[in-house]
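K.L.:
Have a look at this one.
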Amino acid sequence: MHVAFFINCDDNYIPLKLNLRLLFPFRYRKAIFIGNILLMKALLPYLLFAFALGACKPLTQQDAPTAITPGVRQTDVYLPLLAGKTVALVVNNTSTLGPVHLVDSLLSLGIEVRTIFAPEHGFRGDADAGEKIADSIDPRTGIPIISLYGKHRKPTEEDLADIEVVVFDIQDVGVRFYTYISTLHYVMDACAEFNKPLILLDRPNPNGHYVAGPVLEPEFKSFVGMHPIPVVYGLTLGELAQMINGEGWLANGKCDLQVIKINNYTHNDHYTLPVKPSPNLPNAQAIALYPSLCFFEPTVMSIGRGTPYPFQVIGYPDPAFGNFSFTPVSIEGMSKYPKHQNRTCYGVDLRKVAAPQFTLSYLMTYYTKFGGGKDFFTSANFFDKLAGSSLLRQQILQGLTAAEIEKTWVPQLDAFKETRKKYLLYPDFE
């Protein structure tokens, strides 16, 4: 049973239809007609409660005309594109419409969601980095969940056989080795190969206000870096998807892509995410430091995995490395086997510092404290994948300073910035 009504979202009056059997597990009283709106007398308090839950929120001060509103809020644009069609969603814990998950919201609006595709960390975003995610069934809705992390990274023809349109809604952090953009690439390639339209609900990039770092060389392509872009690329997922299409990076031609834009967003805006994008990026400080501190992953240093503040501290099990101390422990859903588990590490606490843009200074400081040399790197191969080439590691071993290394990035960065301009959907940073 459904109820249709009109609501005000971002100054647009939108006709919506709620599936009451999904929202309310009880019997319904008789209905009355008010014009062409079917409204349940007895359910009026519960519909107001549904508003509060975020099935679709009424206009509030936070939703003022100048407020940044992500693509998922532009329901008047994309709901007509989904009506009457079978839909697959590429989503995770960040895919919310207000406080309600997009899957639940679309089902309540009568959209036929057939399949959920989940990236690294899983559908609910509670799996450890690198942890294998198995296919499953969502216990709340009964919808099949297909993992796109592990060997099965690209939707197959069978996965998409009964799907008419794919919707992608995942929060990115604007860093090349964050694997959600690799999942986006494979989803786009599958849609191109099997002739499925893709609707991308765009979201702000918390690191979208600058461009920095080495550009990946094609021979170092991997799941932690698939595109010839810098570490920090200054694009939203919608803009990056347009670049992937426009630069011919898909194996199967162009994807039929439609980006649902963010309202009132510019690349000058500093945006704080309402939901943590993955288990080890719990806050804005970690997200800002992530591009710089991720380079410590394949080294002897800990960056706080196994603590309440990952990507906000640096340490090593030696008091000579600093006055601040922490002890990594196994934490289910965050870090089961953290580096230096149960050993006290000494170093620096970055939780209260003004988070810088991408910098090599932390890496070079602790490389020097360690005494230099190749033993600082626990996996040269993985370090090179993060860097996008072997050159950065070689430059560090050769004794170049951070400033000398960064100068070598300038020609490729300048070329990327010119290419980037073609795909911007929002006013650029100054």
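Ordering of the structure tokens sets the chain letters (A, B, ...), residue numbers begin anew at 1 in every chain, and ligands are numbered from 1 in the order given.
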So that I can see what lies close to range 417-419 of chain A, please list as a ChimeraX atom specification the residues with an atom at most 12 Å from it, counting only C-alpha atoms and leaving out residues fewer than 2 positions away in the same chain.
P.N.:
/A:210-212,215,228-230,232-235,239-240,242-244,246-247,410-415,421-424,428-429
K.L.:
Save out the residues we just selected, N, CA and C atoms, as a PDB file, in the first residue's frame.
P.N.:
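The result, written out as result_37.pdb:
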ATOM      1  N   TYR A 210      42.243  21.662  -3.594  1.00  0.00           N
ATOM      2  CA  TYR A 210      43.605  21.787  -4.115  1.00  0.00           C
ATOM      3  C   TYR A 210      43.982  20.546  -4.907  1.00  0.00           C
ATOM      4  N   VAL A 211      45.097  20.635  -5.615  1.00  0.00           N
ATOM      5  CA  VAL A 211      45.667  19.533  -6.403  1.00  0.00           C
ATOM      6  C   VAL A 211      47.128  19.400  -6.010  1.00  0.00           C
ATOM      7  N   ALA A 212      47.592  18.160  -5.732  1.00  0.00           N
ATOM      8  CA  ALA A 212      48.979  18.003  -5.279  1.00  0.00           C
ATOM      9  C   ALA A 212      49.431  16.554  -5.410  1.00  0.00           C
ATOM     10  N   VAL A 215      51.951  12.308 -10.114  1.00  0.00           N
ATOM     11  CA  VAL A 215      50.955  11.737 -11.031  1.00  0.00           C
ATOM     12  C   VAL A 215      51.318  10.287 -11.324  1.00  0.00           C
ATOM     13  N   PRO A 228      45.916   8.111 -14.413  1.00  0.00           N
ATOM     14  CA  PRO A 228      47.085   9.011 -14.414  1.00  0.00           C
ATOM     15  C   PRO A 228      46.718  10.374 -13.837  1.00  0.00           C
ATOM     16  N   ILE A 229      46.467  10.373 -12.531  1.00  0.00           N
ATOM     17  CA  ILE A 229      46.076  11.577 -11.810  1.00  0.00           C
ATOM     18  C   ILE A 229      46.973  11.723 -10.587  1.00  0.00           C
ATOM     19  N   PRO A 230      47.074  12.915 -10.014  1.00  0.00           N
ATOM     20  CA  PRO A 230      47.926  13.086  -8.826  1.00  0.00           C
ATOM     21  C   PRO A 230      47.287  12.492  -7.578  1.00  0.00           C
ATOM     22  N   VAL A 232      46.279  13.948  -4.833  1.00  0.00           N
ATOM     23  CA  VAL A 232      45.095  14.762  -4.535  1.00  0.00           C
ATOM     24  C   VAL A 232      44.669  15.426  -5.837  1.00  0.00           C
ATOM     25  N   TYR A 233      43.488  15.086  -6.350  1.00  0.00           N
ATOM     26  CA  TYR A 233      43.128  15.463  -7.719  1.00  0.00           C
ATOM     27  C   TYR A 233      42.087  16.568  -7.811  1.00  0.00           C
ATOM     28  N   GLY A 234      41.514  17.023  -6.700  1.00  0.00           N
ATOM     29  CA  GLY A 234      40.662  18.205  -6.723  1.00  0.00           C
ATOM     30  C   GLY A 234      39.422  18.100  -7.575  1.00  0.00           C
ATOM     31  N   LEU A 235      38.813  16.923  -7.628  1.00  0.00           N
ATOM     32  CA  LEU A 235      37.582  16.709  -8.387  1.00  0.00           C
ATOM     33  C   LEU A 235      36.561  15.985  -7.528  1.00  0.00           C
ATOM     34  N   GLU A 239      32.830  14.799 -11.379  1.00  0.00           N
ATOM     35  CA  GLU A 239      33.823  15.368 -12.294  1.00  0.00           C
ATOM     36  C   GLU A 239      34.840  14.324 -12.719  1.00  0.00           C
ATOM     37  N   LEU A 240      35.286  13.495 -11.771  1.00  0.00           N
ATOM     38  CA  LEU A 240      36.242  12.441 -12.110  1.00  0.00           C
ATOM     39  C   LEU A 240      35.617  11.441 -13.076  1.00  0.00           C
ATOM     40  N   GLN A 242      33.400  12.030 -15.304  1.00  0.00           N
ATOM     41  CA  GLN A 242      33.421  12.664 -16.631  1.00  0.00           C
ATOM     42  C   GLN A 242      34.813  12.607 -17.241  1.00  0.00           C
ATOM     43  N   MET A 243      35.853  12.745 -16.407  1.00  0.00           N
ATOM     44  CA  MET A 243      37.221  12.650 -16.910  1.00  0.00           C
ATOM     45  C   MET A 243      37.523  11.223 -17.375  1.00  0.00           C
ATOM     46  N   ILE A 244      37.109  10.237 -16.594  1.00  0.00           N
ATOM     47  CA  ILE A 244      37.329   8.841 -16.978  1.00  0.00           C
ATOM     48  C   ILE A 244      36.685   8.554 -18.329  1.00  0.00           C
ATOM     49  N   GLY A 246      35.758  10.938 -20.655  1.00  0.00           N
ATOM     50  CA  GLY A 246      36.269  11.822 -21.693  1.00  0.00           C
ATOM     51  C   GLY A 246      37.686  11.524 -22.133  1.00  0.00           C
ATOM     52  N   GLU A 247      38.508  10.997 -21.209  1.00  0.00           N
ATOM     53  CA  GLU A 247      39.899  10.703 -21.550  1.00  0.00           C
ATOM     54  C   GLU A 247      40.092   9.296 -22.097  1.00  0.00           C
ATOM     55  N   VAL A 410      56.149  19.091 -10.960  1.00  0.00           N
ATOM     56  CA  VAL A 410      55.481  20.266 -11.529  1.00  0.00           C
ATOM     57  C   VAL A 410      55.017  20.070 -12.976  1.00  0.00           C
ATOM     58  N   PRO A 411      55.840  19.577 -13.906  1.00  0.00           N
ATOM     59  CA  PRO A 411      55.367  19.465 -15.292  1.00  0.00           C
ATOM     60  C   PRO A 411      54.110  18.592 -15.437  1.00  0.00           C
ATOM     61  N   GLN A 412      54.097  17.430 -14.782  1.00  0.00           N
ATOM     62  CA  GLN A 412      52.927  16.555 -14.896  1.00  0.00           C
ATOM     63  C   GLN A 412      51.715  17.150 -14.176  1.00  0.00           C
ATOM     64  N   LEU A 413      51.953  17.812 -13.056  1.00  0.00           N
ATOM     65  CA  LEU A 413      50.850  18.459 -12.352  1.00  0.00           C
ATOM     66  C   LEU A 413      50.229  19.565 -13.193  1.00  0.00           C
ATOM     67  N   ASP A 414      51.060  20.366 -13.835  1.00  0.00           N
ATOM     68  CA  ASP A 414      50.551  21.450 -14.678  1.00  0.00           C
ATOM     69  C   ASP A 414      49.716  20.882 -15.835  1.00  0.00           C
ATOM     70  N   ALA A 415      50.177  19.795 -16.429  1.00  0.00           N
ATOM     71  CA  ALA A 415      49.426  19.173 -17.526  1.00  0.00           C
ATOM     72  C   ALA A 415      48.086  18.634 -17.025  1.00  0.00           C
ATOM     73  N   LYS A 421      40.451  21.070 -16.076  1.00  0.00           N
ATOM     74  CA  LYS A 421      39.538  22.183 -16.348  1.00  0.00           C
ATOM     75  C   LYS A 421      38.376  21.771 -17.257  1.00  0.00           C
ATOM     76  N   LYS A 422      38.609  20.814 -18.136  1.00  0.00           N
ATOM     77  CA  LYS A 422      37.573  20.410 -19.094  1.00  0.00           C
ATOM     78  C   LYS A 422      36.394  19.723 -18.424  1.00  0.00           C
ATOM     79  N   TYR A 423      36.600  19.208 -17.225  1.00  0.00           N
ATOM     80  CA  TYR A 423      35.581  18.355 -16.612  1.00  0.00           C
ATOM     81  C   TYR A 423      34.968  18.952 -15.348  1.00  0.00           C
ATOM     82  N   LEU A 424      35.302  20.199 -15.049  1.00  0.00           N
ATOM     83  CA  LEU A 424      34.774  20.826 -13.848  1.00  0.00           C
ATOM     84  C   LEU A 424      33.274  21.101 -13.978  1.00  0.00           C
ATOM     85  N   ASP A 428      35.855  26.739  -9.620  1.00  0.00           N
ATOM     86  CA  ASP A 428      37.130  26.199  -9.147  1.00  0.00           C
ATOM     87  C   ASP A 428      37.677  27.016  -7.992  1.00  0.00           C
ATOM     88  N   PHE A 429      38.637  26.404  -7.254  1.00  0.00           N
ATOM     89  CA  PHE A 429      39.321  27.124  -6.181  1.00  0.00           C
ATOM     90  C   PHE A 429      40.209  28.203  -6.787  1.00  0.00           C
TER      91      PHE A 429
END
K.L.:
Could you name the residues that touch Val313 in chain A at 8 Å or less, counting only C-alpha atoms, but leaving out those on the same chain fewer than 2 positions away, as a list in words?
P.N.:
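So the residues in contact are Ser302, Ile303, Gly304, Tyr309, Pro310, Phe311, Gly315, Gly347, Val348, Asp349, Leu350 and Arg351 of chain A.
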K.L.:
Apply DSSP to the structure's backbone, then extract all residues of range 105-206 of chain A labelled strand (DSSP E or B) and return them as a list in words.
P.N.:
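Answer for range 105-206 of chain A restricted to strand (DSSP E or B) is Glu112, Val113, Arg114, Thr115, Ile116, Phe117, Ala118, Ser136, Ile137, Pro144, Ile145, Ile146, Ser147, Val165, Val166, Val167, Phe168, Asp169, Val175, Leu198, Ile199, Leu200 and Leu201 of chain A.
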K.L.:
Got a sec: who's within 12 Å of Met188 in chain A, counting only C-alpha atoms, leaving out chain neighbours fewer than 3 positions off, as a ChimeraX atom specification?
P.N.:
/A:90,153-156,165-168,181-185,191-200,237-238,240-245,248-258
K.L.:
How about saving the chosen residues, N, CA and C atoms kept, as a compact mmCIF listing (two decimals), in the first residue's frame?
P.N.:
# COMPACT_ATOMS: atom_id res chain seq x y z
N VAL A 90 25.01 1.14 -6.18
CA VAL A 90 26.38 0.99 -5.71
C VAL A 90 26.51 1.92 -4.52
N ARG A 153 35.62 -7.51 -8.90
CA ARG A 153 35.66 -6.05 -8.78
C ARG A 153 34.74 -5.34 -9.77
N LYS A 154 34.35 -6.04 -10.80
CA LYS A 154 33.52 -5.44 -11.85
C LYS A 154 32.22 -6.22 -11.98
N PRO A 155 31.06 -5.54 -12.01
CA PRO A 155 29.79 -6.25 -12.22
C PRO A 155 29.82 -7.05 -13.52
N THR A 156 29.31 -8.25 -13.46
CA THR A 156 29.27 -9.11 -14.64
C THR A 156 27.98 -8.91 -15.41
N VAL A 165 18.84 0.33 -14.78
CA VAL A 165 19.63 1.52 -14.49
C VAL A 165 20.44 1.28 -13.21
N VAL A 166 21.68 1.79 -13.20
CA VAL A 166 22.57 1.67 -12.05
C VAL A 166 22.73 3.05 -11.42
N VAL A 167 22.65 3.12 -10.09
CA VAL A 167 22.84 4.37 -9.36
C VAL A 167 24.08 4.22 -8.47
N PHE A 168 24.98 5.19 -8.56
CA PHE A 168 26.21 5.20 -7.75
C PHE A 168 26.12 6.35 -6.77
N ILE A 181 37.15 5.05 -5.86
CA ILE A 181 37.21 5.53 -7.25
C ILE A 181 37.58 4.40 -8.20
N SER A 182 38.28 3.38 -7.71
CA SER A 182 38.54 2.20 -8.54
C SER A 182 37.25 1.43 -8.76
N THR A 183 36.43 1.32 -7.72
CA THR A 183 35.11 0.69 -7.88
C THR A 183 34.27 1.46 -8.88
N LEU A 184 34.31 2.79 -8.80
CA LEU A 184 33.59 3.61 -9.79
C LEU A 184 34.05 3.27 -11.20
N HIS A 185 35.35 3.15 -11.40
CA HIS A 185 35.89 2.83 -12.73
C HIS A 185 35.32 1.51 -13.26
N CYS A 191 28.98 -0.84 -17.12
CA CYS A 191 27.83 -0.17 -17.72
C CYS A 191 28.08 0.11 -19.21
N ALA A 192 29.31 0.47 -19.55
CA ALA A 192 29.65 0.70 -20.96
C ALA A 192 29.57 -0.61 -21.75
N GLU A 193 30.07 -1.68 -21.17
CA GLU A 193 30.10 -2.97 -21.87
C GLU A 193 28.71 -3.56 -22.05
N PHE A 194 27.84 -3.41 -21.05
CA PHE A 194 26.54 -4.08 -21.09
C PHE A 194 25.39 -3.10 -21.32
N ASN A 195 25.72 -1.90 -21.77
CA ASN A 195 24.72 -0.91 -22.19
C ASN A 195 23.70 -0.59 -21.10
N LYS A 196 24.22 -0.25 -19.93
CA LYS A 196 23.37 0.16 -18.81
C LYS A 196 23.66 1.62 -18.48
N PRO A 197 22.64 2.45 -18.36
CA PRO A 197 22.89 3.84 -17.95
C PRO A 197 23.31 3.92 -16.49
N LEU A 198 24.19 4.86 -16.19
CA LEU A 198 24.68 5.07 -14.82
C LEU A 198 24.31 6.47 -14.37
N ILE A 199 23.63 6.55 -13.24
CA ILE A 199 23.31 7.83 -12.61
C ILE A 199 24.21 7.97 -11.39
N LEU A 200 25.03 9.01 -11.36
CA LEU A 200 25.94 9.24 -10.25
C LEU A 200 25.41 10.41 -9.43
N LEU A 237 33.48 13.14 -7.41
CA LEU A 237 33.33 11.89 -8.16
C LEU A 237 32.63 12.13 -9.49
N GLY A 238 31.68 13.04 -9.52
CA GLY A 238 31.01 13.34 -10.79
C GLY A 238 31.96 13.90 -11.81
N LEU A 240 35.29 13.49 -11.77
CA LEU A 240 36.24 12.44 -12.11
C LEU A 240 35.62 11.44 -13.08
N ALA A 241 34.35 11.09 -12.87
CA ALA A 241 33.68 10.16 -13.78
C ALA A 241 33.64 10.73 -15.20
N GLN A 242 33.40 12.03 -15.30
CA GLN A 242 33.42 12.66 -16.63
C GLN A 242 34.81 12.61 -17.24
N MET A 243 35.85 12.75 -16.41
CA MET A 243 37.22 12.65 -16.91
C MET A 243 37.52 11.22 -17.38
N ILE A 244 37.11 10.24 -16.59
CA ILE A 244 37.33 8.84 -16.98
C ILE A 244 36.69 8.55 -18.33
N ASN A 245 35.48 9.05 -18.51
CA ASN A 245 34.79 8.89 -19.80
C ASN A 245 35.50 9.65 -20.91
N GLY A 248 39.00 8.55 -22.24
CA GLY A 248 39.08 7.22 -22.84
C GLY A 248 39.77 6.18 -21.99
N TRP A 249 39.59 6.25 -20.66
CA TRP A 249 40.26 5.33 -19.76
C TRP A 249 39.50 4.02 -19.54
N LEU A 250 38.29 3.91 -20.08
CA LEU A 250 37.53 2.66 -19.94
C LEU A 250 37.89 1.70 -21.07
N ALA A 251 37.89 0.42 -20.74
CA ALA A 251 38.24 -0.60 -21.75
C ALA A 251 37.13 -0.79 -22.77
N ASN A 252 35.89 -0.44 -22.41
CA ASN A 252 34.75 -0.75 -23.28
C ASN A 252 34.03 0.48 -23.80
N GLY A 253 34.78 1.54 -24.06
CA GLY A 253 34.18 2.74 -24.61
C GLY A 253 33.56 3.61 -23.54
N LYS A 254 32.68 4.52 -23.94
CA LYS A 254 32.10 5.46 -23.00
C LYS A 254 30.90 4.88 -22.28
N CYS A 255 30.77 5.28 -21.03
CA CYS A 255 29.63 4.92 -20.21
C CYS A 255 28.52 5.97 -20.42
N ASP A 256 27.26 5.50 -20.48
CA ASP A 256 26.11 6.41 -20.54
C ASP A 256 25.92 6.98 -19.14
N LEU A 257 26.54 8.13 -18.90
CA LEU A 257 26.66 8.71 -17.56
C LEU A 257 25.80 9.95 -17.41
N GLN A 258 25.09 10.04 -16.30
CA GLN A 258 24.40 11.26 -15.92
C GLN A 258 24.77 11.59 -14.48
K.L.:
Fewer than 5 positions away in the same chain doesn't count, so skip those; otherwise give me all residues within 9 Å of Thr236 in chain A, counting only C-alpha atoms, as a PyMOL selection string.
P.N.:
chain A and resi 172-174+202-205+208+241+267+424-425
K.L.:
I'd like to know which of A:Val77, A:Leu273, A:Ala403, A:Leu386 is closest to Pro214 in chain A, using only C-alpha atoms.
P.N.:
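Going through A:Val77, A:Leu273, A:Ala403, A:Leu386 one by one, the smallest distance to Pro214 in chain A is for A:Leu386.
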K.L.:
Let me make sure I understand: among A:Thr365, A:Gln341, A:Thr179, A:Gln357, which one has the smallest atom-to-atom distance to Phe296 in chain A if we use only C-alpha atoms?
P.N.:
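So, comparing all the options, the nearest one is A:Thr365.
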K.L.:
Might you pull out every residue within 12 Å of Ile331 in chain A, with only C-alpha atoms counted and same-chain residues fewer than 2 positions away left off, and present them as a CSV table (one decimal) with C-alpha atoms, in the first residue's frame?
P.N.:
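Output file out-v5.csv is given in full below:
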chain,number,residue,atom,x,y,z
A,126,ASP,CA,32.2,-1.9,9.0
A,127,ALA,CA,34.9,-4.1,7.4
A,128,ASP,CA,38.6,-3.6,8.0
A,129,ALA,CA,40.8,-2.3,5.2
A,279,PRO,CA,36.3,2.8,9.5
A,280,ASN,CA,39.8,4.4,9.7
A,304,GLY,CA,47.5,4.8,14.5
A,305,ARG,CA,45.6,1.9,13.1
A,306,GLY,CA,44.4,0.0,16.2
A,307,THR,CA,43.7,3.2,18.1
A,308,PRO,CA,40.7,5.6,18.3
A,309,TYR,CA,42.6,8.1,16.2
A,310,PRO,CA,43.9,6.4,13.0
A,327,THR,CA,49.6,1.3,21.8
A,328,PRO,CA,47.9,-0.3,18.8
A,329,VAL,CA,45.4,-3.1,19.7
A,333,GLY,CA,35.8,-3.5,12.2
A,334,MET,CA,38.7,-1.1,12.2
A,335,SER,CA,42.0,-2.9,12.4
A,336,LYS,CA,42.2,-6.6,13.4
A,337,TYR,CA,45.9,-6.9,13.1
A,338,PRO,CA,47.4,-3.4,13.4
A,341,GLN,CA,50.1,-4.6,17.9
A,342,ASN,CA,50.3,-4.4,21.7
K.L.:
List the spatial neighbours of Ser292 in chain A as a compact mmCIF listing (two decimals) with N, CA and C atoms, in the first residue's frame - criterion: any atom at most 7 Å away, only C-alpha atoms, same-chain residues fewer than 2 positions off excluded.
P.N.:
# COMPACT_ATOMS: atom_id res chain seq x y z
N LEU A 289 44.62 14.59 6.74
CA LEU A 289 45.97 14.05 6.87
C LEU A 289 46.19 12.78 6.03
N TYR A 290 45.11 12.15 5.62
CA TYR A 290 45.18 10.87 4.91
C TYR A 290 46.13 10.88 3.71
N CYS A 294 49.18 8.24 4.49
CA CYS A 294 49.00 6.91 3.89
C CYS A 294 50.32 6.35 3.38
N PHE A 295 51.27 7.22 3.04
CA PHE A 295 52.57 6.75 2.57
C PHE A 295 53.36 6.01 3.65
N PHE A 358 48.55 18.16 1.31
CA PHE A 358 49.47 17.04 1.10
C PHE A 358 50.92 17.51 1.22
N THR A 359 51.69 16.79 2.02
CA THR A 359 53.08 17.15 2.24
C THR A 359 53.93 15.90 2.44
N LEU A 360 55.18 15.98 2.02
CA LEU A 360 56.15 14.90 2.26
C LEU A 360 56.89 15.11 3.58
